[in-house]
>>> print(open('final-v2.cif').read())   # mmCIF, C-alpha atoms
data_upload
#
loop_
_atom_site.label_atom_id
_atom_site.label_comp_id
_atom_site.auth_asym_id
_atom_site.auth_seq_id
_atom_site.Cartn_x
_atom_site.Cartn_y
_atom_site.Cartn_z
CA MET A 654 27.68 2.16 -7.35
CA LYS A 655 24.78 -0.04 -8.36
CA VAL A 656 21.69 -0.88 -6.31
CA ARG A 657 19.91 -4.15 -6.90
CA PHE A 658 16.51 -4.90 -5.41
CA TRP A 659 16.03 -8.55 -4.39
CA GLY A 660 12.94 -8.03 -2.24
CA THR A 661 10.63 -5.03 -2.28
CA ARG A 662 7.42 -6.26 -0.62
CA GLY A 663 6.45 -5.17 2.88
CA SER A 664 5.45 -7.28 5.86
CA LEU A 665 4.89 -10.58 4.08
CA PRO A 666 6.15 -12.23 0.91
CA VAL A 667 3.45 -12.63 -1.72
CA SER A 668 3.15 -14.27 -5.12
CA LEU A 669 1.34 -12.97 -8.14
CA GLY A 670 -1.08 -15.89 -8.09
CA GLY A 671 -2.74 -17.77 -10.91
CA ALA A 672 -5.81 -15.55 -11.26
CA ALA A 673 -3.75 -12.37 -11.50
CA LEU A 674 -1.37 -13.99 -13.98
CA ARG A 675 -4.26 -15.13 -16.14
CA ALA A 676 -5.79 -11.66 -16.04
CA LYS A 677 -2.50 -10.22 -17.28
CA LEU A 678 -2.41 -12.79 -20.09
CA VAL A 679 -5.94 -11.95 -21.17
CA ARG A 680 -5.27 -8.22 -21.17
CA SER A 681 -1.99 -8.75 -23.02
CA LEU A 682 -3.66 -10.84 -25.72
CA LEU A 683 -6.35 -8.20 -26.11
CA ALA A 684 -3.70 -5.47 -26.30
CA ALA A 685 -1.80 -7.44 -28.96
CA ASP A 686 -5.01 -7.36 -31.01
CA GLY A 687 -4.07 -10.16 -33.40
CA ARG A 688 -0.50 -9.04 -33.91
CA ARG A 689 1.90 -11.74 -35.17
CA PHE A 690 5.39 -12.06 -33.70
CA ALA A 691 8.30 -13.25 -35.81
CA ASP A 692 10.26 -14.61 -32.86
CA ALA A 693 10.84 -14.26 -29.12
CA ALA A 694 12.85 -11.08 -29.62
CA ASP A 695 9.98 -9.53 -31.54
CA ALA A 696 7.58 -10.51 -28.76
CA GLU A 697 9.92 -9.11 -26.12
CA ALA A 698 10.23 -5.86 -28.04
CA TRP A 699 6.46 -5.48 -28.16
CA LEU A 700 6.08 -6.33 -24.47
CA ALA A 701 8.58 -3.59 -23.65
CA THR A 702 6.14 -1.05 -25.09
CA GLN A 703 3.36 -2.13 -22.72
CA PRO A 704 2.71 -0.88 -19.17
CA PHE A 705 4.92 -2.48 -16.52
CA GLY A 706 1.93 -3.68 -14.52
CA LEU A 707 0.59 -5.55 -17.55
CA THR A 708 3.67 -7.49 -18.56
CA GLN A 709 5.66 -7.81 -15.34
CA THR A 710 5.11 -7.89 -11.60
CA TYR A 711 6.63 -5.81 -8.82
CA GLY A 712 7.33 -9.07 -7.09
CA GLY A 713 6.77 -10.57 -3.75
CA ASN A 714 9.95 -11.11 -1.77
CA SER A 715 10.32 -9.16 1.44
CA SER A 716 13.02 -6.56 2.02
CA CYS A 717 16.50 -7.20 0.68
CA VAL A 718 18.59 -4.66 -1.24
CA GLU A 719 22.14 -5.13 -2.53
CA ILE A 720 24.60 -2.28 -2.94
CA GLU A 721 27.34 -3.14 -5.43
CA ARG A 722 30.40 -0.92 -5.58
CA ARG A 723 32.12 -2.90 -8.29
CA ALA A 724 31.27 -5.97 -10.33
CA PRO A 725 32.01 -9.14 -8.32
CA ASP A 726 34.94 -11.33 -9.22
CA PRO A 727 33.68 -14.85 -10.04
CA ALA A 728 36.90 -16.19 -8.54
CA GLY A 729 35.57 -15.17 -5.14
CA GLY A 730 36.86 -13.08 -2.30
CA ASN A 731 34.21 -10.44 -2.79
CA ASP A 732 32.67 -8.06 -0.33
CA TYR A 733 28.88 -7.98 -0.71
CA LEU A 734 26.85 -5.23 0.91
CA LEU A 735 23.18 -5.74 1.73
CA CYS A 736 20.30 -4.11 3.53
CA ASP A 737 18.03 -6.52 5.39
CA MET A 738 17.59 -10.26 5.13
CA GLY A 739 13.97 -10.61 4.03
CA SER A 740 12.95 -13.45 1.75
CA GLY A 741 14.76 -11.63 -1.07
CA LEU A 742 17.99 -12.86 0.51
CA ARG A 743 17.23 -16.32 -0.87
CA PRO A 744 17.36 -15.42 -4.59
CA PHE A 745 20.38 -13.21 -3.85
CA GLY A 746 22.11 -16.23 -2.29
CA ASN A 747 21.16 -18.38 -5.25
CA ALA A 748 22.67 -15.81 -7.61
CA VAL A 749 25.86 -15.79 -5.57
CA MET A 750 26.02 -19.58 -5.66
CA ALA A 751 25.48 -19.58 -9.41
CA ARG A 752 28.31 -17.07 -9.79
CA HIS A 753 30.88 -18.62 -7.49
CA GLY A 754 29.84 -22.18 -6.75
CA PRO A 755 30.14 -23.46 -3.20
CA GLN A 756 33.88 -23.26 -2.70
CA ARG A 757 34.65 -19.57 -2.97
CA PRO A 758 34.93 -17.53 0.23
CA ASN A 759 32.99 -14.28 0.20
CA HIS A 760 32.24 -11.69 2.85
CA PHE A 761 28.65 -10.49 3.27
CA HIS A 762 28.08 -7.20 5.11
CA ILE A 763 24.42 -7.01 6.09
CA PHE A 764 22.74 -3.99 7.70
CA LEU A 765 19.48 -4.77 9.49
CA SER A 766 16.85 -2.04 9.68
CA HIS A 767 15.21 -3.95 12.54
CA LEU A 768 14.41 -7.46 13.61
CA HIS A 769 10.81 -7.93 12.51
CA TRP A 770 10.31 -11.24 10.79
CA ASP A 771 9.94 -9.98 7.24
CA HIS A 772 13.42 -8.45 7.51
CA ILE A 773 15.25 -11.51 8.82
CA MET A 774 13.30 -14.49 7.44
CA GLY A 775 15.68 -15.04 4.52
CA LEU A 776 18.69 -16.10 6.59
CA PRO A 777 17.66 -19.77 7.09
CA PHE A 778 17.36 -20.05 3.30
CA PHE A 779 20.59 -18.21 2.48
CA THR A 780 22.79 -20.96 1.09
CA PRO A 781 26.14 -19.11 1.42
CA ALA A 782 25.53 -18.93 5.19
CA TYR A 783 25.84 -22.73 5.36
CA ILE A 784 29.22 -22.81 3.63
CA ALA A 785 32.38 -22.73 5.71
CA GLY A 786 34.81 -20.11 4.52
CA ASN A 787 32.16 -17.50 3.88
CA ARG A 788 31.79 -14.71 6.40
CA LEU A 789 28.70 -12.78 7.48
CA SER A 790 29.07 -9.45 9.29
CA ILE A 791 25.65 -8.48 10.57
CA TYR A 792 25.32 -4.84 11.54
CA SER A 793 22.41 -3.83 13.75
CA ALA A 794 21.55 -1.08 16.19
CA HIS A 795 19.34 -3.56 18.02
CA ALA A 796 21.23 -5.33 20.79
CA GLU A 797 18.97 -8.38 20.35
CA ALA A 798 19.99 -9.12 16.76
CA GLU A 799 21.86 -12.34 17.49
CA GLN A 800 19.13 -13.51 19.84
CA ALA A 801 16.45 -12.89 17.18
CA LEU A 802 18.35 -14.80 14.49
CA ARG A 803 19.02 -17.72 16.80
CA LEU A 804 15.39 -17.75 17.88
CA GLN A 805 14.01 -18.04 14.34
CA GLN A 806 16.26 -21.07 13.83
CA SER A 807 15.18 -22.84 17.00
CA PRO A 808 12.51 -25.50 17.58
CA PRO A 809 9.63 -25.37 16.93
CA CYS A 810 10.09 -22.50 14.45
CA PHE A 811 12.66 -24.10 12.13
CA PRO A 812 14.31 -27.52 11.91
CA VAL A 813 17.86 -26.41 11.13
CA PRO A 814 19.58 -24.76 14.10
CA PHE A 815 21.59 -21.56 13.87
CA GLU A 816 24.67 -23.59 14.80
CA ALA A 817 24.35 -25.46 11.49
CA LEU A 818 25.35 -22.30 9.62
CA GLY A 819 28.89 -23.04 8.57
CA ALA A 820 29.92 -19.51 7.70
CA ARG A 821 31.71 -17.35 10.21
CA ILE A 822 29.05 -15.03 11.61
CA GLU A 823 29.76 -11.90 13.62
CA PHE A 824 27.50 -9.19 14.97
CA ILE A 825 28.44 -5.54 14.99
CA GLN A 826 26.50 -3.27 17.32
CA LEU A 827 25.74 0.10 15.70
CA GLU A 828 25.06 3.41 17.37
CA PRO A 829 23.12 6.21 15.63
CA GLY A 830 25.40 9.07 14.76
CA ARG A 831 28.55 6.93 14.71
CA THR A 832 29.81 6.18 11.21
CA VAL A 833 31.22 2.77 10.38
CA THR A 834 33.06 1.52 7.30
CA ALA A 835 31.81 -1.62 5.60
CA ALA A 836 32.79 -2.98 2.21
CA GLY A 837 34.41 0.35 1.41
CA CYS A 838 31.30 2.40 2.25
CA GLN A 839 30.86 4.93 5.02
CA VAL A 840 27.62 4.03 6.77
CA SER A 841 25.64 6.03 9.30
CA ALA A 842 22.42 5.04 11.06
CA LYS A 843 19.34 7.01 12.06
CA ARG A 844 16.67 5.87 14.48
CA GLN A 845 13.15 5.81 13.02
CA LEU A 846 9.62 5.61 14.39
CA HIS A 847 8.51 1.97 14.24
CA GLY A 848 7.38 -0.61 16.77
CA GLY A 849 10.54 -1.47 18.71
CA ASP A 850 12.41 1.14 16.63
CA SER A 851 13.93 0.76 13.19
CA TYR A 852 17.05 2.30 11.71
CA GLY A 853 17.64 3.97 8.39
CA TYR A 854 21.09 3.81 6.81
CA ARG A 855 23.02 6.22 4.67
CA PHE A 856 25.78 4.71 2.52
CA GLU A 857 28.47 6.85 0.93
CA ALA A 858 31.31 5.88 -1.36
CA GLU A 859 33.12 7.46 -4.27
CA GLY A 860 30.97 10.56 -4.16
CA ARG A 861 27.71 8.61 -4.36
CA SER A 862 25.12 8.25 -1.64
CA LEU A 863 22.23 5.93 -0.97
CA VAL A 864 19.70 6.15 1.85
CA TYR A 865 17.81 3.03 2.87
CA SER A 866 14.87 4.13 5.01
CA THR A 867 12.15 1.56 5.46
CA ASP A 868 9.64 0.75 8.17
CA SER A 869 9.49 4.33 9.33
CA GLU A 870 6.47 6.41 10.25
CA HIS A 871 6.72 10.18 9.93
CA ARG A 872 4.94 13.04 11.66
CA LEU A 873 6.23 16.00 9.74
CA GLU A 874 4.04 18.48 11.61
CA GLN A 875 6.24 17.97 14.67
CA ALA A 876 9.05 20.48 15.02
CA GLY A 877 12.38 19.23 13.74
CA GLU A 878 11.12 15.94 12.27
CA ALA A 879 11.18 17.07 8.64
CA GLU A 880 14.53 18.84 9.02
CA ASP A 881 16.12 15.84 10.73
CA PHE A 882 15.19 13.44 7.97
CA ALA A 883 15.92 15.97 5.23
CA ALA A 884 19.44 16.27 6.65
CA PHE A 885 19.81 12.47 6.65
CA PHE A 886 18.53 12.29 3.05
CA ARG A 887 20.52 15.39 1.96
CA ALA A 888 21.40 15.33 -1.76
CA ALA A 889 21.24 11.53 -1.85
CA ASP A 890 21.54 9.95 -5.27
CA LEU A 891 18.82 7.51 -4.27
CA VAL A 892 16.44 7.25 -1.33
CA VAL A 893 14.78 3.86 -0.80
CA PHE A 894 11.64 4.79 1.10
CA ASP A 895 8.82 3.00 2.89
CA ALA A 896 5.73 3.95 0.86
CA MET A 897 3.52 1.17 2.11
CA TYR A 898 0.29 3.06 2.69
CA SER A 899 -1.57 5.99 1.25
CA LEU A 900 -1.12 9.11 3.37
CA ALA A 901 -4.79 8.93 4.36
CA ASP A 902 -4.40 5.37 5.65
CA ALA A 903 -1.06 6.10 7.34
CA VAL A 904 -2.56 8.90 9.45
CA SER A 905 -5.94 7.30 10.16
CA VAL A 906 -6.69 3.58 10.40
CA LYS A 907 -3.01 2.65 10.22
CA GLN A 908 -1.64 5.37 12.43
CA ASP A 909 1.08 4.00 14.76
CA TRP A 910 1.62 1.00 12.48
CA GLY A 911 5.07 2.35 11.76
CA HIS A 912 4.92 2.97 8.02
CA SER A 913 4.82 5.86 5.63
CA SER A 914 3.47 6.92 2.24
CA ASN A 915 4.46 8.00 -1.24
CA VAL A 916 3.42 11.56 -0.33
CA VAL A 917 5.83 11.84 2.60
CA GLY A 918 8.57 10.26 0.50
CA VAL A 919 8.24 12.95 -2.16
CA GLU A 920 8.10 15.72 0.45
CA LEU A 921 11.21 14.58 2.31
CA CYS A 922 13.20 14.01 -0.88
CA ARG A 923 12.20 17.47 -2.09
CA LEU A 924 13.35 19.04 1.18
CA ALA A 925 16.58 17.06 1.01
CA GLY A 926 17.34 17.78 -2.62
CA ALA A 927 17.60 14.05 -3.32
CA ARG A 928 17.88 12.96 -6.95
CA ARG A 929 15.87 9.75 -6.99
CA LEU A 930 13.16 8.18 -4.87
CA ALA A 931 12.44 4.45 -4.89
CA LEU A 932 9.04 3.61 -3.44
CA PHE A 933 9.61 0.48 -1.39
CA HIS A 934 8.05 -1.97 1.10
CA HIS A 935 4.89 -2.34 -0.95
CA GLU A 936 1.70 -3.24 0.86
CA PRO A 937 1.22 -7.03 0.41
CA ILE A 938 -2.45 -6.68 -0.50
CA PHE A 939 -1.64 -4.28 -3.35
CA SER A 940 -1.90 -5.57 -6.90
CA ASP A 941 0.60 -4.55 -9.55
CA GLU A 942 -1.98 -2.10 -10.86
CA ARG A 943 -2.39 -0.52 -7.44
CA ILE A 944 1.39 -0.15 -7.00
CA ALA A 945 1.53 1.48 -10.43
CA GLU A 946 -1.09 3.97 -9.18
CA VAL A 947 1.03 4.70 -6.10
CA GLU A 948 3.93 5.43 -8.43
CA ALA A 949 1.83 7.61 -10.74
CA ASP A 950 0.42 9.55 -7.78
CA ALA A 951 3.92 10.17 -6.43
CA ARG A 952 4.99 11.48 -9.82
CA ARG A 953 1.97 13.82 -9.90
CA LEU A 954 2.95 15.20 -6.50
CA GLU A 955 6.54 15.57 -7.66
CA ARG A 956 5.35 17.77 -10.53
CA ILE A 957 3.13 19.84 -8.24
CA THR A 958 5.96 20.49 -5.79
CA ARG A 959 8.79 20.89 -8.29
CA GLU A 960 8.41 24.66 -8.87
CA ASP A 961 11.77 25.92 -10.13
CA GLY A 962 13.80 23.14 -8.55
CA PRO A 963 15.36 20.14 -10.25
CA ALA A 964 13.22 17.14 -11.05
CA LEU A 965 13.07 14.27 -8.59
CA GLU A 966 13.00 10.92 -10.37
CA VAL A 967 10.37 8.72 -8.74
CA PHE A 968 9.77 5.04 -9.37
CA ALA A 969 8.31 2.02 -7.64
CA ALA A 970 11.01 -0.53 -6.88
CA TYR A 971 10.46 -4.10 -8.00
CA ASP A 972 12.23 -7.39 -7.43
CA GLY A 973 15.06 -7.58 -9.95
CA LEU A 974 15.39 -3.83 -10.52
CA GLU A 975 18.92 -2.51 -10.89
CA VAL A 976 19.71 1.19 -10.51
CA GLU A 977 23.06 2.67 -11.44
CA LEU A 978 23.98 5.65 -9.25
CA MET B 829 -1.05 31.06 6.50
CA ASP B 830 -4.18 32.72 7.87
CA LEU B 831 -7.31 31.08 9.17
CA HIS B 832 -10.56 32.98 8.91
CA ALA B 833 -13.52 31.78 10.97
CA THR B 834 -17.22 32.56 10.67
CA TYR B 835 -20.49 30.84 11.50
CA ARG B 836 -23.09 30.19 8.86
CA ASP B 837 -26.37 28.40 9.49
CA GLY B 838 -24.95 26.76 12.60
CA VAL B 839 -21.84 25.54 10.82
CA LEU B 840 -18.37 26.70 11.87
CA LEU B 841 -16.82 27.79 8.58
CA LEU B 842 -13.03 27.90 8.56
CA GLN B 843 -11.12 29.29 5.61
CA PRO B 844 -7.35 28.66 5.64
CA GLN B 845 -5.41 30.90 3.28
CA GLY B 846 -2.02 30.52 1.66
CA ARG B 847 0.19 27.48 2.14
CA ILE B 848 0.29 24.92 4.94
CA ASN B 849 3.45 22.85 5.26
CA HIS B 850 5.76 21.46 7.94
CA LEU B 851 7.05 24.94 8.71
CA ASN B 852 3.70 26.37 9.80
CA ALA B 853 1.74 23.23 10.60
CA GLU B 854 2.03 23.78 14.34
CA ALA B 855 0.73 27.35 13.88
CA PHE B 856 -2.17 25.94 11.86
CA GLU B 857 -2.91 23.46 14.63
CA ALA B 858 -2.81 26.25 17.22
CA ALA B 859 -5.11 28.40 15.09
CA LEU B 860 -7.62 25.55 14.87
CA ALA B 861 -7.47 25.12 18.63
CA ALA B 862 -7.94 28.85 19.18
CA ARG B 863 -11.14 28.71 17.17
CA GLN B 864 -12.29 25.63 19.10
CA ALA B 865 -12.58 23.67 15.88
CA ALA B 866 -12.54 20.31 17.66
CA GLN B 867 -15.61 21.33 19.67
CA ALA B 868 -17.65 22.21 16.58
CA GLY B 869 -20.61 19.95 16.00
CA ARG B 870 -20.53 20.87 12.32
CA LEU B 871 -17.30 22.08 10.77
CA LEU B 872 -16.74 23.09 7.17
CA ILE B 873 -13.25 23.77 5.83
CA ASP B 874 -13.45 26.14 2.88
CA LEU B 875 -10.40 25.31 0.75
CA SER B 876 -10.95 27.97 -1.90
CA GLN B 877 -8.10 30.18 -0.65
CA LEU B 878 -5.67 27.40 0.18
CA GLU B 879 -2.78 27.27 -2.29
CA TYR B 880 -1.05 24.16 -0.99
CA ILE B 881 -1.24 21.70 1.88
CA SER B 882 1.45 19.17 2.77
CA SER B 883 1.19 15.91 4.64
CA ALA B 884 1.80 17.81 7.88
CA GLY B 885 -1.34 19.90 7.35
CA LEU B 886 -3.38 16.92 6.22
CA ARG B 887 -2.35 14.97 9.30
CA ILE B 888 -3.60 17.82 11.49
CA LEU B 889 -6.92 17.83 9.63
CA MET B 890 -7.17 14.08 10.13
CA LEU B 891 -6.55 14.40 13.87
CA LEU B 892 -9.17 17.15 13.99
CA SER B 893 -11.65 14.99 12.10
CA LYS B 894 -11.14 12.12 14.52
CA GLN B 895 -11.87 14.42 17.47
CA ILE B 896 -15.01 15.83 15.88
CA VAL B 897 -16.40 12.49 14.74
CA SER B 898 -15.72 10.82 18.09
CA ALA B 899 -17.75 13.60 19.73
CA GLY B 900 -20.63 12.95 17.35
CA GLY B 901 -19.92 15.88 15.05
CA ARG B 902 -19.28 16.14 11.32
CA LEU B 903 -16.53 17.65 9.19
CA ALA B 904 -16.62 18.41 5.48
CA THR B 905 -14.55 20.35 3.01
CA ALA B 906 -15.53 22.51 0.06
CA ALA B 907 -14.27 24.32 -3.00
CA PRO B 908 -10.66 23.11 -3.18
CA THR B 909 -8.33 24.85 -5.58
CA PRO B 910 -7.17 22.58 -8.43
CA VAL B 911 -3.81 21.94 -6.77
CA VAL B 912 -5.33 21.11 -3.40
CA ARG B 913 -7.93 18.87 -5.02
CA GLU B 914 -5.14 16.96 -6.73
CA ILE B 915 -3.26 16.64 -3.43
CA LEU B 916 -6.42 15.31 -1.77
CA GLU B 917 -6.71 12.71 -4.52
CA ILE B 918 -3.02 11.74 -4.45
CA SER B 919 -3.11 11.33 -0.68
CA ARG B 920 -6.49 9.53 -0.88
CA PHE B 921 -8.00 12.01 1.53
CA ASN B 922 -10.81 12.34 -1.01
CA LEU B 923 -11.91 8.89 0.16
CA ILE B 924 -12.16 10.09 3.77
CA PHE B 925 -13.28 13.72 3.64
CA LYS B 926 -16.48 14.75 1.95
CA ILE B 927 -15.48 17.34 -0.67
CA HIS B 928 -18.30 19.61 -1.81
CA PRO B 929 -17.92 21.69 -4.97
CA THR B 930 -18.97 24.91 -3.22
CA VAL B 931 -19.46 26.27 0.27
CA ASP B 932 -23.16 26.74 -0.49
CA ALA B 933 -23.51 23.09 -1.47
CA ALA B 934 -21.75 22.04 1.71
CA ILE B 935 -23.96 24.21 3.92
CA ALA B 936 -27.02 22.82 2.16
CA ALA B 937 -25.76 19.27 2.74
CA PHE B 938 -25.29 19.96 6.46
CA ALA B 939 -28.83 21.36 6.60
CA ALA B 940 -30.28 18.40 4.74
CA VAL B 941 -28.82 15.92 7.20
CA GLY B 942 -29.77 18.07 10.17
#
>>> encode(input="final-v2.cif", output="structure tokens")
Amino acid sequence: MKVRFWGTRGSLPVSLGGAALRAKLVRSLLAADGRRFADAADAEAWLATQPFGLTQTYGGNSSCVEIERRAPDPAGGNDYLLCDMGSGLRPFGNAVMARHGPQRPNHFHIFLSHLHWDHIMGLPFFTPAYIAGNRLSIYSAHAEAEQALRLQQSPPCFPVPFEALGARIEFIQLEPGRTVTAAGCQVSAKRQLHGGDSYGYRFEAEGRSLVYSTDSEHRLEQAGEAEDFAAFFRAADLVVFDAMYSLADAVSVKQDWGHSSNVVGVELCRLAGARRLALFHHEPIFSDERIAEVEADARRLERITREDGPALEVFAAYDGLEVEL
Amino acid sequence: MDLHATYRDGVLLLQPQGRINHLNAEAFEAALAARQAAQAGRLLIDLSQLEYISSAGLRILMLLSKQIVSAGGRLATAAPTPVVREILEISRFNLIFKIHPTVDAAIAAFAAVG
């Protein structure tokens, strides 16, 4: 099982911006300190030795994560499995088009955490949805899923109506606690604390497990909360976790905003015995350097809380990241 | 987890001991309530005997701080152990709570402000 991150930014897509790009260039040139590069490969090799935040960017598309059970067949007829349809769905769709061209029928299984705009805004720009022969199965625990998707493709919000989508689109109503099978994975849902509710998903196949838990606020001092989520995360190979705010912000000025922190992510994964933690749904105002700090802080906490237990691998997800489970 | 309480120079001085996590956070909250911490005009948390505090404990301290500040009072912390200091930094609580190096320094700071 492979996990591919197409959109990792929270709330709102962002771009690096010219000033930030130029600052990276200046710092890179200073770090190179007059070094000469024989060719592009030499330059790439040197860049690989530099901090991620200096030479790359975490990226700016909103939530979209692909779960790949086996490499897709370019001839088509594939089952694709996705979490959320943020703006990251657009580059995913472009990659699918580049792989298959327009004529190949594929089946997209999409699990929606909730219906807030940053998690559905990619659908109107998802080219495969406009192609007859493709099929979209949209799984949601929110009864209003179809209404929300039709609404965002209605005047005056968007010029192309939902009816223009040529793919066959079906909606599957989920219930927490009831497992469904999609694209060969067993999937269970858990309700989470967020405005209008959100749902986390646990995917299991071939002895591997992935938890996708974004847009979820936690109050671990309340009886049962920590145990409930630890059970949902239990021994997961990877937990994709909403680490949008610092803990201090999440429990003070941004209390009740429905998001969590790197600290709570480490704590829950420790309790659950999870193997890897992907910090996700990055705060849109955070620079690459700030996200790198969030990652470094989470790793510090992981060391503090490790004791005699196994290490928890912690990293900040970025657009384009692939993780083999 | 134990919570010792004394008064010093008009400051309620609370000293939690041991570890605070999700398992005993509610007991910690009850212990704070029993000592009427939220009603203290000046509250100092002595962290010198605290081995570890999780997000659950920090959230309770934040709720307590909100109550005290909204009533016109003040809360500060002092003398964290190295591990707790690191947790305060990681969680960014060091940007919200005043952390004094020693209890004496904290008491002096309360006195200086009046």
>>> residues_around(input="final-v2.cif", residues="B:Gln843", least_positions_apart="4", cutoff="12 Å", atoms="only C-alpha atoms", output="list in words")
Met829, Asp830, Leu831, His832, Ala833, Thr834, Tyr835, Arg847, Phe856, Ala859, Leu860, Arg863, Ala865, Leu871, Leu872, Ile873, Asp874, Leu875, Ser876, Gln877, Leu878, Glu879, Thr905, Ala906, Ala907, Pro908 and Val931 of chain B
>>> resolve_selection(input="final-v2.cif", expression="the PyMOL selection byres ((chain A and resi 955) around 8)", output="ChimeraX atom specification")
/A:919,951-954,956-959,964-965,967
>>> resolve_selection(input="final-v2.cif", expression="the PyMOL selection byres ((chain A) within 9 of (chain B))", output="list in words")
Arg872, Leu873, Glu874, Gln875, Ala876, Glu878, Ala879, Ser899, Leu900, Ala901, Asp902, Val904, Ser905, Ser914, Asn915, Val916, Val917, Glu920, Val947, Ala949, Asp950, Ala951, Arg953, Leu954 and Ile957 of chain A
>>> atom_distance(input="final-v2.cif", atom1="atom CA of A:Asp737", atom2="atom CA of A:Asn714")
11.7 Å
>>> residues_around(input="final-v2.cif", residues="stretch 970-978 of chain A", least_positions_apart="5", cutoff="7 Å", atoms="only C-alpha atoms", output="ChimeraX atom specification")
/A:654-661,711-712,861,890,931-933
>>> write_last_selection(input="final-v2.cif", atoms="C-alpha atoms", output="mmCIF file, keeping the file's coordinate frame")
data_model
loop_
_atom_site.group_PDB
_atom_site.id
_atom_site.type_symbol
_atom_site.label_atom_id
_atom_site.label_comp_id
_atom_site.auth_asym_id
_atom_site.auth_seq_id
_atom_site.Cartn_x
_atom_site.Cartn_y
_atom_site.Cartn_z
ATOM 1 C CA MET A 654 27.680 2.160 -7.350
ATOM 2 C CA LYS A 655 24.780 -0.040 -8.360
ATOM 3 C CA VAL A 656 21.690 -0.880 -6.310
ATOM 4 C CA ARG A 657 19.910 -4.150 -6.900
ATOM 5 C CA PHE A 658 16.510 -4.900 -5.410
ATOM 6 C CA TRP A 659 16.030 -8.550 -4.390
ATOM 7 C CA GLY A 660 12.940 -8.030 -2.240
ATOM 8 C CA THR A 661 10.630 -5.030 -2.280
ATOM 9 C CA TYR A 711 6.630 -5.810 -8.820
ATOM 10 C CA GLY A 712 7.330 -9.070 -7.090
ATOM 11 C CA ARG A 861 27.710 8.610 -4.360
ATOM 12 C CA ASP A 890 21.540 9.950 -5.270
ATOM 13 C CA ALA A 931 12.440 4.450 -4.890
ATOM 14 C CA LEU A 932 9.040 3.610 -3.440
ATOM 15 C CA PHE A 933 9.610 0.480 -1.390
#
>>> closest_residue(input="final-v2.cif", among="A:Gly853, A:Gly687, A:Pro963, A:Gly786", to="A:Ala888", atoms="all atoms listed in the file")
A:Pro963
>>> residues_around(input="final-v2.cif", residues="A:Tyr854", least_positions_apart="3", cutoff="7 Å", atoms="only C-alpha atoms", output="MDAnalysis selection string")
chainID A and resid 840:843 864:866
>>> residues_around(input="final-v2.cif", residues="A:Thr710", least_positions_apart="5", cutoff="8 Å", atoms="all atoms listed in the file", output="list in words")
Leu669, Phe705, Asp941 and Tyr971 of chain A
>>> residues_near_point(input="final-v2.cif", point="(18.1, -16.1, 17.1)", cutoff="12 Å", atoms="all atoms listed in the file", output="MDAnalysis selection string")
chainID A and resid 768:770 773:774 776:777 796:808 810:811 813:816 824
>>> residues_around(input="final-v2.cif", residues="A:Ala794", least_positions_apart="3", cutoff="7 Å", atoms="all atoms listed in the file", output="PyMOL selection string")
chain A and resi 826-828
>>> write_last_selection(input="final-v2.cif", atoms="C-alpha atoms", output="PDB file, in the frame of the given file")
ATOM      1  CA  GLN A 826      26.500  -3.270  17.320  1.00  0.00           C
ATOM      2  CA  LEU A 827      25.740   0.100  15.700  1.00  0.00           C
ATOM      3  CA  GLU A 828      25.060   3.410  17.370  1.00  0.00           C
TER       4      GLU A 828
END
>>> resolve_selection(input="final-v2.cif", expression="the PyMOL selection byres ((chain A and resi 734) around 8)", output="PyMOL selection string")
chain A and resi 719-721+732-733+735-736+761-763+835-836
>>> closest_residue(input="final-v2.cif", among="B:Gln845, B:Gln895, B:Thr930, B:Thr909", to="B:Gly869", atoms="only C-alpha atoms")
B:Gln895
>>> atom_distance(input="final-v2.cif", atom1="atom CA of A:Phe968", atom2="atom CA of A:Arg855")
19.3 Å
>>> closest_residue(input="final-v2.cif", among="A:Gly837, A:Pro758, A:Gly706, A:Gly848", to="A:Gly819", atoms="only C-alpha atoms")
A:Pro758
>>> axis_aligned_box(input="final-v2.cif", around="stretch 883-886 of chain B", padding_each_side="4 Å", output="AutoDock Vina command-line options")
--center_x -0.8 --center_y 17.9 --center_z 6.3 --size_x 13.2 --size_y 12.0 --size_z 11.2
>>> atom_distance(input="final-v2.cif", atom1="atom CA of A:Glu936", atom2="atom CA of A:Met897")
4.9 Å
>>> closest_residue(input="final-v2.cif", among="B:Ala940, B:Ile927, B:Pro910, B:Arg902", to="B:Leu840", atoms="all atoms listed in the file")
B:Arg902
>>> closest_residue(input="final-v2.cif", among="B:Val897, B:Ala861, B:Ala933, B:Ile881", to="B:Gly846", atoms="only C-alpha atoms")
B:Ile881
>>> closest_residue(input="final-v2.cif", among="B:Ala866, B:Leu842, B:Ala934, B:Ile848", to="B:Gly901", atoms="only C-alpha atoms")
B:Ala866
